[in-house]
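Pasted below: entry15.cif, mmCIF, C-alpha atoms and all ligand atoms.
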```cif
data_work
loop_
_atom_site.label_atom_id
_atom_site.label_comp_id
_atom_site.auth_asym_id
_atom_site.auth_seq_id
_atom_site.Cartn_x
_atom_site.Cartn_y
_atom_site.Cartn_z
CA MET A 365 37.75 -117.77 -27.17
CA ASP A 366 41.28 -117.62 -28.48
CA LYS A 367 43.15 -120.27 -30.45
CA ASN A 368 44.79 -121.64 -27.30
CA TRP A 369 41.42 -122.46 -25.75
CA TYR A 370 40.50 -124.86 -28.59
CA GLU A 371 44.01 -126.33 -28.76
CA ALA A 372 44.08 -126.96 -25.00
CA LEU A 373 40.69 -128.72 -25.21
CA ALA A 374 41.92 -131.07 -27.94
CA GLU A 375 45.28 -131.71 -26.26
CA LYS A 376 43.78 -132.47 -22.84
CA SER A 377 41.16 -134.75 -24.31
CA THR A 378 43.69 -136.65 -26.44
CA ALA A 379 45.92 -137.10 -23.39
CA GLY A 380 42.97 -138.60 -21.48
CA GLU A 381 42.68 -135.63 -19.16
CA LEU A 382 39.43 -133.95 -18.21
CA PRO A 383 38.80 -130.35 -19.20
CA GLU A 384 37.68 -128.02 -16.39
CA HIS A 385 33.95 -128.25 -15.66
CA GLN A 386 33.51 -124.57 -16.60
CA THR A 387 35.21 -125.18 -19.95
CA CYS A 388 32.63 -127.87 -20.70
CA ILE A 389 29.78 -125.51 -19.81
CA ASP A 390 31.35 -122.69 -21.86
CA LEU A 391 31.73 -124.98 -24.83
CA LEU A 392 27.94 -125.41 -24.86
CA THR A 393 26.82 -121.96 -23.86
CA ASP A 394 29.40 -119.23 -24.48
CA LYS A 395 28.46 -117.18 -27.52
CA SER A 396 32.09 -116.41 -28.28
CA VAL A 397 32.75 -120.10 -29.05
CA ASP A 398 33.40 -120.39 -32.76
CA LEU A 399 31.67 -123.50 -34.10
CA LEU A 400 34.19 -124.30 -36.82
CA SER A 401 37.13 -123.97 -34.43
CA LEU A 402 35.34 -126.22 -31.93
CA LEU A 403 34.62 -128.83 -34.61
CA HIS A 404 38.22 -128.63 -35.74
CA ALA A 405 39.39 -129.35 -32.16
CA ALA A 406 36.90 -132.23 -31.76
CA PHE A 407 37.99 -133.62 -35.13
CA ALA A 408 41.62 -133.65 -33.98
CA VAL A 409 40.58 -135.98 -31.14
CA ARG A 410 38.35 -138.08 -33.39
CA ARG A 411 41.13 -138.41 -35.99
CA ARG A 412 43.66 -139.44 -33.34
CA PHE A 413 41.58 -142.43 -32.21
CA HIS A 414 39.33 -143.21 -35.18
CA GLY A 415 40.94 -141.66 -38.24
CA ARG A 416 38.41 -140.77 -40.94
CA GLU A 417 36.52 -144.00 -40.48
CA VAL A 418 32.75 -144.16 -39.92
CA THR A 419 31.17 -147.16 -38.22
CA VAL A 420 27.80 -147.89 -39.74
CA HIS A 421 24.97 -149.49 -37.76
CA ILE A 422 21.71 -151.01 -38.93
CA ILE A 423 18.87 -151.53 -36.47
CA ASN A 424 16.42 -154.41 -36.44
CA ASN A 425 13.29 -153.94 -34.30
CA VAL A 426 12.91 -157.60 -33.38
CA SER A 427 9.77 -156.74 -31.42
CA ASN A 428 7.93 -153.46 -31.61
CA GLY A 429 5.34 -151.68 -29.49
CA LEU A 430 3.06 -153.39 -26.92
CA CYS A 431 5.34 -152.00 -24.21
CA SER A 432 4.44 -151.76 -20.53
CA GLU A 433 6.72 -148.75 -19.96
CA ASP A 434 5.95 -145.05 -20.16
CA CYS A 435 9.21 -143.62 -21.56
CA ASN A 436 7.66 -140.40 -22.79
CA TYR A 437 10.09 -139.91 -25.68
CA CYS A 438 9.23 -143.28 -27.22
CA PRO A 439 6.49 -143.97 -29.78
CA GLN A 440 6.22 -147.51 -28.39
CA ALA A 441 5.45 -146.37 -24.84
CA LYS A 442 2.07 -147.01 -23.24
CA SER A 443 1.84 -143.22 -22.82
CA SER A 444 2.08 -142.75 -26.61
CA SER A 445 -0.72 -142.69 -29.16
CA ALA A 446 1.68 -142.72 -32.12
CA GLU A 447 0.45 -144.98 -34.88
CA ILE A 448 3.24 -147.52 -34.98
CA ALA A 449 3.27 -151.12 -36.16
CA SER A 450 3.09 -153.44 -33.14
CA TYR A 451 4.25 -157.04 -33.16
CA THR A 452 5.83 -159.60 -30.90
CA GLU A 453 9.13 -161.27 -31.78
CA LYS A 454 10.05 -161.85 -35.41
CA SER A 455 10.85 -165.42 -36.40
CA GLU A 456 14.43 -166.67 -36.35
CA ALA A 457 14.39 -167.01 -40.15
CA GLU A 458 13.34 -163.38 -40.54
CA ILE A 459 16.01 -162.14 -38.14
CA MET A 460 18.69 -164.18 -39.89
CA ALA A 461 17.66 -162.86 -43.31
CA GLU A 462 17.92 -159.31 -41.96
CA ALA A 463 21.33 -160.04 -40.42
CA LYS A 464 22.51 -161.24 -43.86
CA GLN A 465 21.18 -158.06 -45.50
CA ALA A 466 22.85 -155.87 -42.86
CA HIS A 467 26.18 -157.62 -43.44
CA GLU A 468 25.87 -157.26 -47.21
CA ALA A 469 24.95 -153.58 -46.84
CA GLY A 470 28.25 -152.91 -45.06
CA ALA A 471 27.06 -152.74 -41.47
CA HIS A 472 29.87 -153.23 -38.99
CA ARG A 473 27.36 -153.92 -36.28
CA TYR A 474 23.90 -155.43 -36.26
CA CYS A 475 21.67 -154.09 -33.49
CA MET A 476 18.73 -156.23 -32.35
CA VAL A 477 16.25 -154.20 -30.36
CA TYR A 478 13.42 -155.61 -28.27
CA ALA A 479 10.60 -153.50 -26.84
CA GLY A 480 9.67 -154.03 -23.21
CA LYS A 481 10.87 -153.55 -19.67
CA ARG A 482 13.02 -156.67 -19.32
CA PRO A 483 13.38 -160.04 -21.02
CA GLY A 484 12.19 -163.16 -19.18
CA SER A 485 14.45 -166.20 -19.11
CA GLY A 486 12.80 -167.59 -22.28
CA ARG A 487 13.55 -164.46 -24.29
CA THR A 488 17.09 -164.27 -22.92
CA GLU A 489 17.71 -167.85 -24.10
CA ARG A 490 16.23 -167.08 -27.53
CA ILE A 491 18.45 -164.00 -27.88
CA ALA A 492 21.49 -166.06 -26.84
CA SER A 493 20.67 -168.68 -29.45
CA LEU A 494 20.26 -166.02 -32.17
CA VAL A 495 23.57 -164.42 -31.23
CA ARG A 496 25.31 -167.80 -31.54
CA THR A 497 23.80 -168.42 -34.99
CA ILE A 498 24.56 -164.92 -36.34
CA LYS A 499 28.14 -164.97 -35.08
CA ALA A 500 28.68 -168.43 -36.61
CA GLN A 501 27.49 -167.26 -40.03
CA TYR A 502 28.63 -163.65 -40.46
CA PRO A 503 31.70 -161.67 -39.48
CA ILE A 504 29.56 -158.98 -37.92
CA GLU A 505 29.49 -157.54 -34.43
CA VAL A 506 26.21 -157.97 -32.58
CA CYS A 507 24.61 -155.59 -30.13
CA VAL A 508 21.40 -156.28 -28.22
CA SER A 509 19.03 -153.83 -26.58
CA ALA A 510 16.42 -155.68 -24.55
CA GLY A 511 15.65 -153.56 -21.50
CA ILE A 512 16.74 -154.19 -17.94
CA ILE A 513 19.17 -157.13 -17.64
CA ASP A 514 20.60 -158.65 -14.48
CA LEU A 515 24.02 -160.22 -14.04
CA ALA A 516 22.81 -163.76 -14.80
CA GLY A 517 21.18 -162.57 -18.04
CA ALA A 518 24.26 -160.58 -19.03
CA ARG A 519 26.45 -163.65 -18.44
CA THR A 520 24.18 -165.83 -20.59
CA LEU A 521 24.48 -163.33 -23.45
CA LYS A 522 28.23 -162.97 -23.03
CA GLU A 523 28.69 -166.75 -23.14
CA ALA A 524 26.66 -166.84 -26.38
CA GLY A 525 29.18 -164.46 -27.98
CA LEU A 526 27.36 -161.15 -27.69
CA ASP A 527 29.74 -158.22 -28.21
CA ARG A 528 27.79 -155.34 -26.79
CA LEU A 529 24.74 -154.57 -24.72
CA ASN A 530 22.88 -151.33 -25.30
CA HIS A 531 20.91 -149.57 -22.59
CA ASN A 532 20.77 -145.80 -22.82
CA LEU A 533 20.93 -143.54 -19.78
CA ASN A 534 18.84 -141.07 -21.81
CA THR A 535 18.81 -138.26 -19.28
CA SER A 536 20.18 -137.26 -15.90
CA PRO A 537 19.28 -139.04 -12.65
CA GLY A 538 17.48 -135.90 -11.42
CA ARG A 539 15.32 -135.65 -14.56
CA TYR A 540 14.61 -139.34 -15.05
CA SER A 541 11.29 -139.48 -13.16
CA ARG A 542 10.01 -136.65 -15.38
CA ILE A 543 10.46 -138.72 -18.52
CA CYS A 544 9.54 -142.17 -17.19
CA THR A 545 7.80 -143.50 -14.07
CA THR A 546 7.71 -147.25 -14.71
CA HIS A 547 11.40 -147.85 -14.09
CA SER A 548 14.18 -145.81 -12.56
CA PHE A 549 17.54 -144.37 -13.51
CA ALA A 550 19.06 -146.84 -11.02
CA ASP A 551 17.53 -149.75 -13.02
CA ARG A 552 19.34 -148.44 -16.09
CA LEU A 553 22.63 -147.92 -14.30
CA ASN A 554 22.48 -151.40 -12.72
CA THR A 555 21.95 -152.97 -16.15
CA LEU A 556 25.09 -151.28 -17.44
CA LYS A 557 27.06 -152.36 -14.37
CA ALA A 558 25.85 -155.96 -14.85
CA ALA A 559 26.93 -155.84 -18.50
CA ARG A 560 30.38 -154.61 -17.51
CA GLN A 561 30.70 -157.24 -14.80
CA ALA A 562 29.82 -159.96 -17.30
CA GLY A 563 32.54 -158.69 -19.64
CA LEU A 564 30.25 -157.19 -22.26
CA GLU A 565 31.06 -153.92 -23.97
CA VAL A 566 28.63 -151.19 -22.99
CA CYS A 567 26.71 -149.07 -25.46
CA SER A 568 24.84 -146.29 -23.73
CA GLY A 569 23.81 -142.83 -24.73
CA ILE A 570 21.46 -139.97 -24.31
CA ILE A 571 18.49 -138.20 -25.84
CA ALA A 572 19.09 -134.45 -25.95
CA GLY A 573 16.23 -132.00 -26.17
CA MET A 574 14.19 -133.17 -23.14
CA GLY A 575 14.75 -130.03 -21.09
CA GLU A 576 18.15 -130.99 -19.69
CA SER A 577 20.58 -128.24 -18.72
CA PRO A 578 24.18 -127.93 -19.98
CA ASP A 579 25.26 -129.08 -16.52
CA GLU A 580 23.18 -132.24 -16.85
CA LEU A 581 24.69 -132.95 -20.28
CA VAL A 582 28.19 -132.62 -18.86
CA GLY A 583 27.20 -134.94 -15.97
CA LEU A 584 25.91 -137.57 -18.42
CA ALA A 585 29.06 -137.42 -20.55
CA LEU A 586 31.12 -137.92 -17.37
CA MET A 587 28.99 -140.84 -16.16
CA LEU A 588 29.48 -142.57 -19.50
CA ARG A 589 33.20 -141.97 -19.21
CA GLU A 590 33.19 -143.59 -15.75
CA LEU A 591 31.22 -146.54 -17.12
CA GLU A 592 33.83 -146.84 -19.89
CA ALA A 593 31.05 -146.91 -22.47
CA ARG A 594 32.61 -148.09 -25.73
CA SER A 595 29.76 -146.71 -27.76
CA ILE A 596 27.70 -143.59 -27.08
CA PRO A 597 24.65 -142.87 -29.24
CA VAL A 598 23.77 -139.20 -29.01
CA ASN A 599 20.09 -138.95 -29.97
CA PHE A 600 18.10 -135.77 -30.45
CA LEU A 601 14.44 -135.94 -29.45
CA LEU A 602 12.20 -136.48 -32.46
CA PRO A 603 8.77 -134.86 -32.18
CA VAL A 604 6.77 -137.89 -33.34
CA ALA A 605 3.03 -137.16 -33.29
CA GLY A 606 1.44 -138.94 -30.33
CA ILE A 607 4.40 -139.14 -27.94
CA ALA A 608 4.06 -137.39 -24.59
CA LEU A 609 7.28 -135.36 -25.02
CA ALA A 610 6.62 -133.99 -28.48
CA GLU A 611 8.37 -130.63 -28.05
CA PRO A 612 12.15 -130.82 -28.37
CA GLN A 613 13.81 -128.04 -26.41
CA ASN A 614 16.85 -125.92 -27.35
CA LEU A 615 18.01 -128.01 -30.29
CA SER A 616 19.48 -125.76 -32.95
CA PRO A 617 21.82 -127.45 -35.46
CA ALA A 618 24.79 -125.62 -33.89
CA TYR A 619 23.83 -126.73 -30.36
CA CYS A 620 23.49 -130.36 -31.51
CA LEU A 621 27.02 -130.18 -32.93
CA LYS A 622 28.31 -128.68 -29.68
CA ILE A 623 26.74 -131.56 -27.72
CA LEU A 624 28.52 -134.05 -30.00
CA CYS A 625 31.81 -132.17 -29.45
CA LEU A 626 31.28 -132.27 -25.66
CA PHE A 627 30.79 -136.05 -25.73
CA ARG A 628 33.89 -136.44 -27.94
CA PHE A 629 36.12 -134.38 -25.63
CA LEU A 630 34.97 -136.24 -22.53
CA ASN A 631 34.99 -139.68 -24.18
CA PRO A 632 37.87 -139.42 -26.65
CA ARG A 633 38.21 -143.13 -27.45
CA ALA A 634 34.50 -143.98 -27.50
CA GLU A 635 32.49 -144.57 -30.61
CA ILE A 636 30.33 -141.45 -30.60
CA ARG A 637 27.24 -141.93 -32.76
CA THR A 638 25.26 -139.14 -34.37
CA ALA A 639 22.02 -141.02 -33.82
CA ALA A 640 18.25 -140.44 -34.08
CA GLY A 641 17.34 -136.92 -35.09
CA ARG A 642 20.52 -136.49 -37.15
CA GLU A 643 18.64 -135.43 -40.27
CA TYR A 644 15.79 -133.66 -38.50
CA HIS A 645 17.75 -131.48 -36.08
CA LEU A 646 21.09 -130.96 -37.81
CA ARG A 647 19.44 -130.11 -41.13
CA SER A 648 21.96 -128.55 -43.52
CA LEU A 649 24.78 -129.08 -40.99
CA GLU A 650 24.22 -132.84 -40.82
CA VAL A 651 27.49 -133.85 -42.46
CA MET A 652 29.42 -131.74 -39.94
CA SER A 653 28.39 -134.23 -37.24
CA LEU A 654 30.95 -136.66 -38.68
CA TYR A 655 33.75 -134.41 -37.41
CA PRO A 656 33.10 -135.08 -33.70
CA ALA A 657 31.22 -138.38 -34.24
CA ASN A 658 32.60 -141.51 -35.89
CA SER A 659 29.45 -143.55 -36.18
CA LEU A 660 25.88 -143.34 -37.49
CA PHE A 661 22.82 -145.37 -38.35
CA MET A 662 22.67 -146.18 -42.02
CA ASP A 663 18.99 -145.87 -42.78
CA GLY A 664 16.68 -144.86 -40.00
CA TYR A 665 15.96 -145.45 -36.37
CA LEU A 666 13.63 -147.52 -34.24
CA ASN A 667 10.32 -146.21 -35.52
CA THR A 668 11.31 -143.26 -37.68
CA ARG A 669 12.78 -143.13 -41.14
CA GLY A 670 16.13 -141.50 -41.76
CA LYS A 671 18.15 -140.93 -44.89
CA SER A 672 18.21 -143.75 -47.44
CA ARG A 673 21.26 -146.04 -47.56
CA ARG A 674 22.31 -144.43 -50.83
CA ASP A 675 22.13 -140.93 -49.42
CA THR A 676 23.99 -141.86 -46.22
CA LEU A 677 26.79 -143.58 -48.17
CA GLN A 678 26.97 -140.66 -50.59
CA MET A 679 27.27 -138.20 -47.68
CA ILE A 680 30.14 -140.22 -46.17
CA ILE A 681 31.97 -140.39 -49.51
CA ASP A 682 31.38 -136.73 -50.38
CA ALA A 683 32.91 -135.61 -47.08
CA GLY A 684 36.01 -137.78 -47.62
CA PHE A 685 35.33 -140.36 -44.90
CA THR A 686 35.63 -144.13 -45.22
CA ILE A 687 33.57 -146.85 -43.62
CA LYS A 688 34.61 -149.63 -41.27
CA SER A 689 33.72 -152.63 -43.42
CA ASP A 690 35.40 -155.26 -45.56
CA ARG A 691 33.94 -153.37 -48.56
CA SER A 692 34.42 -149.74 -49.47
CA ALA A 693 31.64 -147.16 -49.26
CA GLU A 694 31.96 -146.69 -53.05
CA GLU A 695 31.38 -150.40 -53.70
CA LEU A 696 28.40 -150.47 -51.37
CA LEU A 697 26.97 -147.38 -53.01
CA ARG A 698 27.30 -149.02 -56.44
CA ASP A 699 25.39 -152.06 -55.12
CA GLU A 700 22.63 -149.87 -53.69
CA ALA A 701 22.36 -147.99 -57.00
CA ALA A 702 22.24 -151.28 -58.96
CA GLY A 703 19.31 -152.37 -56.79
CA GLU A 704 17.38 -149.21 -57.74
CA PRO A 705 18.21 -148.75 -61.44
CA GLY A 706 15.35 -146.30 -62.07
CA LYS A 707 16.48 -143.96 -59.30
CA LYS A 708 18.96 -141.55 -60.84
CA ARG A 709 20.29 -138.25 -59.65
CA PRO A 710 17.87 -135.64 -61.03
CA ALA A 711 19.27 -133.82 -64.06
CA PRO A 712 19.58 -130.02 -63.82
CA THR A 713 16.45 -128.30 -65.14
CA LEU A 714 16.28 -125.00 -67.00
CA LYS A 715 14.51 -121.97 -65.54
CA SER A 716 11.35 -120.82 -67.31
CA ALA A 717 10.91 -117.42 -68.93
CA ALA A 718 8.58 -116.40 -66.07
CA GLU A 719 11.26 -117.14 -63.50
CA LEU A 720 13.95 -115.34 -65.47
CA HIS A 721 12.01 -112.24 -66.37
CA PRO A 722 8.72 -111.98 -64.44
CA ALA A 723 7.94 -108.39 -65.53
CA LYS A 724 7.90 -109.39 -69.17
CA GLN A 725 5.05 -111.90 -68.70
S1 LIG A 801 12.17 -147.06 -24.68
FE1 LIG A 801 11.95 -149.31 -24.61
S2 LIG A 801 11.10 -149.69 -22.56
FE2 LIG A 801 10.77 -147.51 -22.97
S3 LIG A 801 8.70 -147.42 -23.89
FE3 LIG A 801 10.16 -147.58 -25.58
S4 LIG A 801 10.27 -149.77 -26.03
FE4 LIG A 801 9.36 -149.57 -23.99
#
```
Would you mind writing the structure in this file as structure tokens?
Ligand code: SF4
Amino acid sequence: MDKNWYEALAEKSTAGELPEHQTCIDLLTDKSVDLLSLLHAAFAVRRRFHGREVTVHIINNVSNGLCSEDCNYCPQAKSSSAEIASYTEKSEAEIMAEAKQAHEAGAHRYCMVYAGKRPGSGRTERIASLVRTIKAQYPIEVCVSAGIIDLAGARTLKEAGLDRLNHNLNTSPGRYSRICTTHSFADRLNTLKAARQAGLEVCSGIIAGMGESPDELVGLALMLRELEARSIPVNFLLPVAGIALAEPQNLSPAYCLKILCLFRFLNPRAEIRTAAGREYHLRSLEVMSLYPANSLFMDGYLNTRGKSRRDTLQMIIDAGFTIKSDRSAEELLRDEAAGEPGKKRPAPTLKSAAELHPAKQ
């Protein structure tokens, strides 16, 4: 691909225009696409709408496991034998203490996640009450992920002050029944439409690596554009022992970056999150994901650990990005380091004689 190809991609995207469908497919599949040039083009779009700022999220699993659903990518699914901690809802005091910690750790957004198909009216009211209390005490945005929600439920949450509702599309409509049989793609789409109708911002993303084709990825990025998703978590399937879908497909670090670029070009203003699987699949290219994406999870995902807070903050600082918070990444890093005084950067160690000159031993 020549220079014009990358420049045209960035210019079209920034202007709000759609690239040709074949360009989107080429971006993912054509071997002549140069990864650095593609990242540079995606970064031009990211910089135009988000500067060098990174939005940091911290997740709270308010309830975990004991789920009736068979989402085969999820360790909490009934189809999974993964050894996870299972519990029903945490107490209000516990959730509030974790909201305080998230705020103090620099999170722009606090994500409360509930396992299960859909909340009953009792749970919806409890979530609404929690949202009111958190918003009254901390200047933090709140996002809730609680399964399928209808219009009445979405309105209750909106009236309580909820900013965003998360419900991921995960995969294409045609593939959905292969990853889950207990609810449908339409259930997911209707939840997002209800959220929009109630005036909530929509957070919805995907899990790559479940056998989807480049065409399906392009279709998902376009659907999220049509839904005007404000936030798009791009997850990469994690092969947790015990889940039904334990074999991620076609996820090289370069391909993961190309997927993030695709979502950036098709959703230029959205908050694109380099989400679960960031460390595992991007490996040594992890920091490059901040060029197309402008958001990440600070310290782990629903049931899997990620980088520590210190390491995530250090990565952001090292690459010259800032964070969206009333405190700087440097200040937050100093606080994290003060909380772990014994944990220092390992000093350089000297090589032994055997390593330097094996034949002499
Ligand atoms: S993704 Fe949600 S609904 Fe599906 S199995 Fe996991 S916790 Fe249950």
Next on the checklist: At a cut-off of 9 Å, using all atoms listed in the file, what residues contact Ile422 (chain A)? Leave out same-chain residues fewer than 6 positions from it and give the result as a ChimeraX atom specification.
Outcome noted: /A:466,469,471-476,660-665
Axis-aligned box over every listed atom of ligand LIG 801 (chain A), padded by 8 Å per side: centre and edges in Å to one decimal, as JSON?
```
{"center_x": 10.4, "center_y": -148.4, "center_z": -24.3, "size_x": 19.5, "size_y": 18.7, "size_z": 19.5}
```
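Identified as lying at most 6 Å from ligand LIG 801 (chain A) when counting only C-alpha atoms and all ligand atoms are the residues Cys431, Glu433, Asp434, Cys435, Cys438, Gln440, Ala441, Ala479, Gly480 and Lys481 of chain A.
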Checklist entry - Counting all atoms listed in the file, which of A:Gln725, A:Glu453, A:Phe413, A:Gly538 gets nearest to Leu430 (chain A)? => result A:Glu453
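The residue set within 12 Å of Ala701 (chain A), counting only C-alpha atoms and dropping same-chain residues fewer than 3 places from it, reads A:Ala469, A:Ser672, A:Arg673, A:Arg674, A:Asp675, A:Leu677, A:Gln678, A:Glu694, A:Glu695, A:Leu696, A:Leu697, A:Arg698, A:Glu704, A:Pro705, A:Gly706, A:Lys707, A:Lys708, A:Arg709.
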Item to check | Residues near region 497-513 of chain A, cut-off 9 Å, all atoms listed in the file, skip fewer than 6 positions along chain, as a ChimeraX atom specification | outcome: /A:460,463-464,466-467,471-483,488,491,525-531,551-552,554-556,558-559,567
Selected residues written out, C-alpha atoms, as a PDB file, keeping the file's coordinate frame:
```pdb
ATOM      1  CA  MET A 460      18.690-164.180 -39.890  1.00  0.00           C
ATOM      2  CA  ALA A 463      21.330-160.040 -40.420  1.00  0.00           C
ATOM      3  CA  LYS A 464      22.510-161.240 -43.860  1.00  0.00           C
ATOM      4  CA  ALA A 466      22.850-155.870 -42.860  1.00  0.00           C
ATOM      5  CA  HIS A 467      26.180-157.620 -43.440  1.00  0.00           C
ATOM      6  CA  ALA A 471      27.060-152.740 -41.470  1.00  0.00           C
ATOM      7  CA  HIS A 472      29.870-153.230 -38.990  1.00  0.00           C
ATOM      8  CA  ARG A 473      27.360-153.920 -36.280  1.00  0.00           C
ATOM      9  CA  TYR A 474      23.900-155.430 -36.260  1.00  0.00           C
ATOM     10  CA  CYS A 475      21.670-154.090 -33.490  1.00  0.00           C
ATOM     11  CA  MET A 476      18.730-156.230 -32.350  1.00  0.00           C
ATOM     12  CA  VAL A 477      16.250-154.200 -30.360  1.00  0.00           C
ATOM     13  CA  TYR A 478      13.420-155.610 -28.270  1.00  0.00           C
ATOM     14  CA  ALA A 479      10.600-153.500 -26.840  1.00  0.00           C
ATOM     15  CA  GLY A 480       9.670-154.030 -23.210  1.00  0.00           C
ATOM     16  CA  LYS A 481      10.870-153.550 -19.670  1.00  0.00           C
ATOM     17  CA  ARG A 482      13.020-156.670 -19.320  1.00  0.00           C
ATOM     18  CA  PRO A 483      13.380-160.040 -21.020  1.00  0.00           C
ATOM     19  CA  THR A 488      17.090-164.270 -22.920  1.00  0.00           C
ATOM     20  CA  ILE A 491      18.450-164.000 -27.880  1.00  0.00           C
ATOM     21  CA  GLY A 525      29.180-164.460 -27.980  1.00  0.00           C
ATOM     22  CA  LEU A 526      27.360-161.150 -27.690  1.00  0.00           C
ATOM     23  CA  ASP A 527      29.740-158.220 -28.210  1.00  0.00           C
ATOM     24  CA  ARG A 528      27.790-155.340 -26.790  1.00  0.00           C
ATOM     25  CA  LEU A 529      24.740-154.570 -24.720  1.00  0.00           C
ATOM     26  CA  ASN A 530      22.880-151.330 -25.300  1.00  0.00           C
ATOM     27  CA  HIS A 531      20.910-149.570 -22.590  1.00  0.00           C
ATOM     28  CA  ASP A 551      17.530-149.750 -13.020  1.00  0.00           C
ATOM     29  CA  ARG A 552      19.340-148.440 -16.090  1.00  0.00           C
ATOM     30  CA  ASN A 554      22.480-151.400 -12.720  1.00  0.00           C
ATOM     31  CA  THR A 555      21.950-152.970 -16.150  1.00  0.00           C
ATOM     32  CA  LEU A 556      25.090-151.280 -17.440  1.00  0.00           C
ATOM     33  CA  ALA A 558      25.850-155.960 -14.850  1.00  0.00           C
ATOM     34  CA  ALA A 559      26.930-155.840 -18.500  1.00  0.00           C
ATOM     35  CA  CYS A 567      26.710-149.070 -25.460  1.00  0.00           C
TER      36      CYS A 567
END
```
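With only C-alpha atoms taken into account, every residue lying no more than 9 Å from the file point (24.5, -140.6, -25.1) is included here: Asn532, Leu533, Asn534, Thr535, Cys567, Ser568, Gly569, Ile570, Ile571, Ala572, Leu584, Ala585, Leu588, Ser595, Ile596, Pro597, Val598, Asn599, Phe627, Ile636 and Arg637 of chain A.
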Checklist entry - CA of Tyr644 (chain A) and CA of Leu621 (chain A), how far apart in Å? => result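 That distance, rounded to one decimal, is 13.0 Å.
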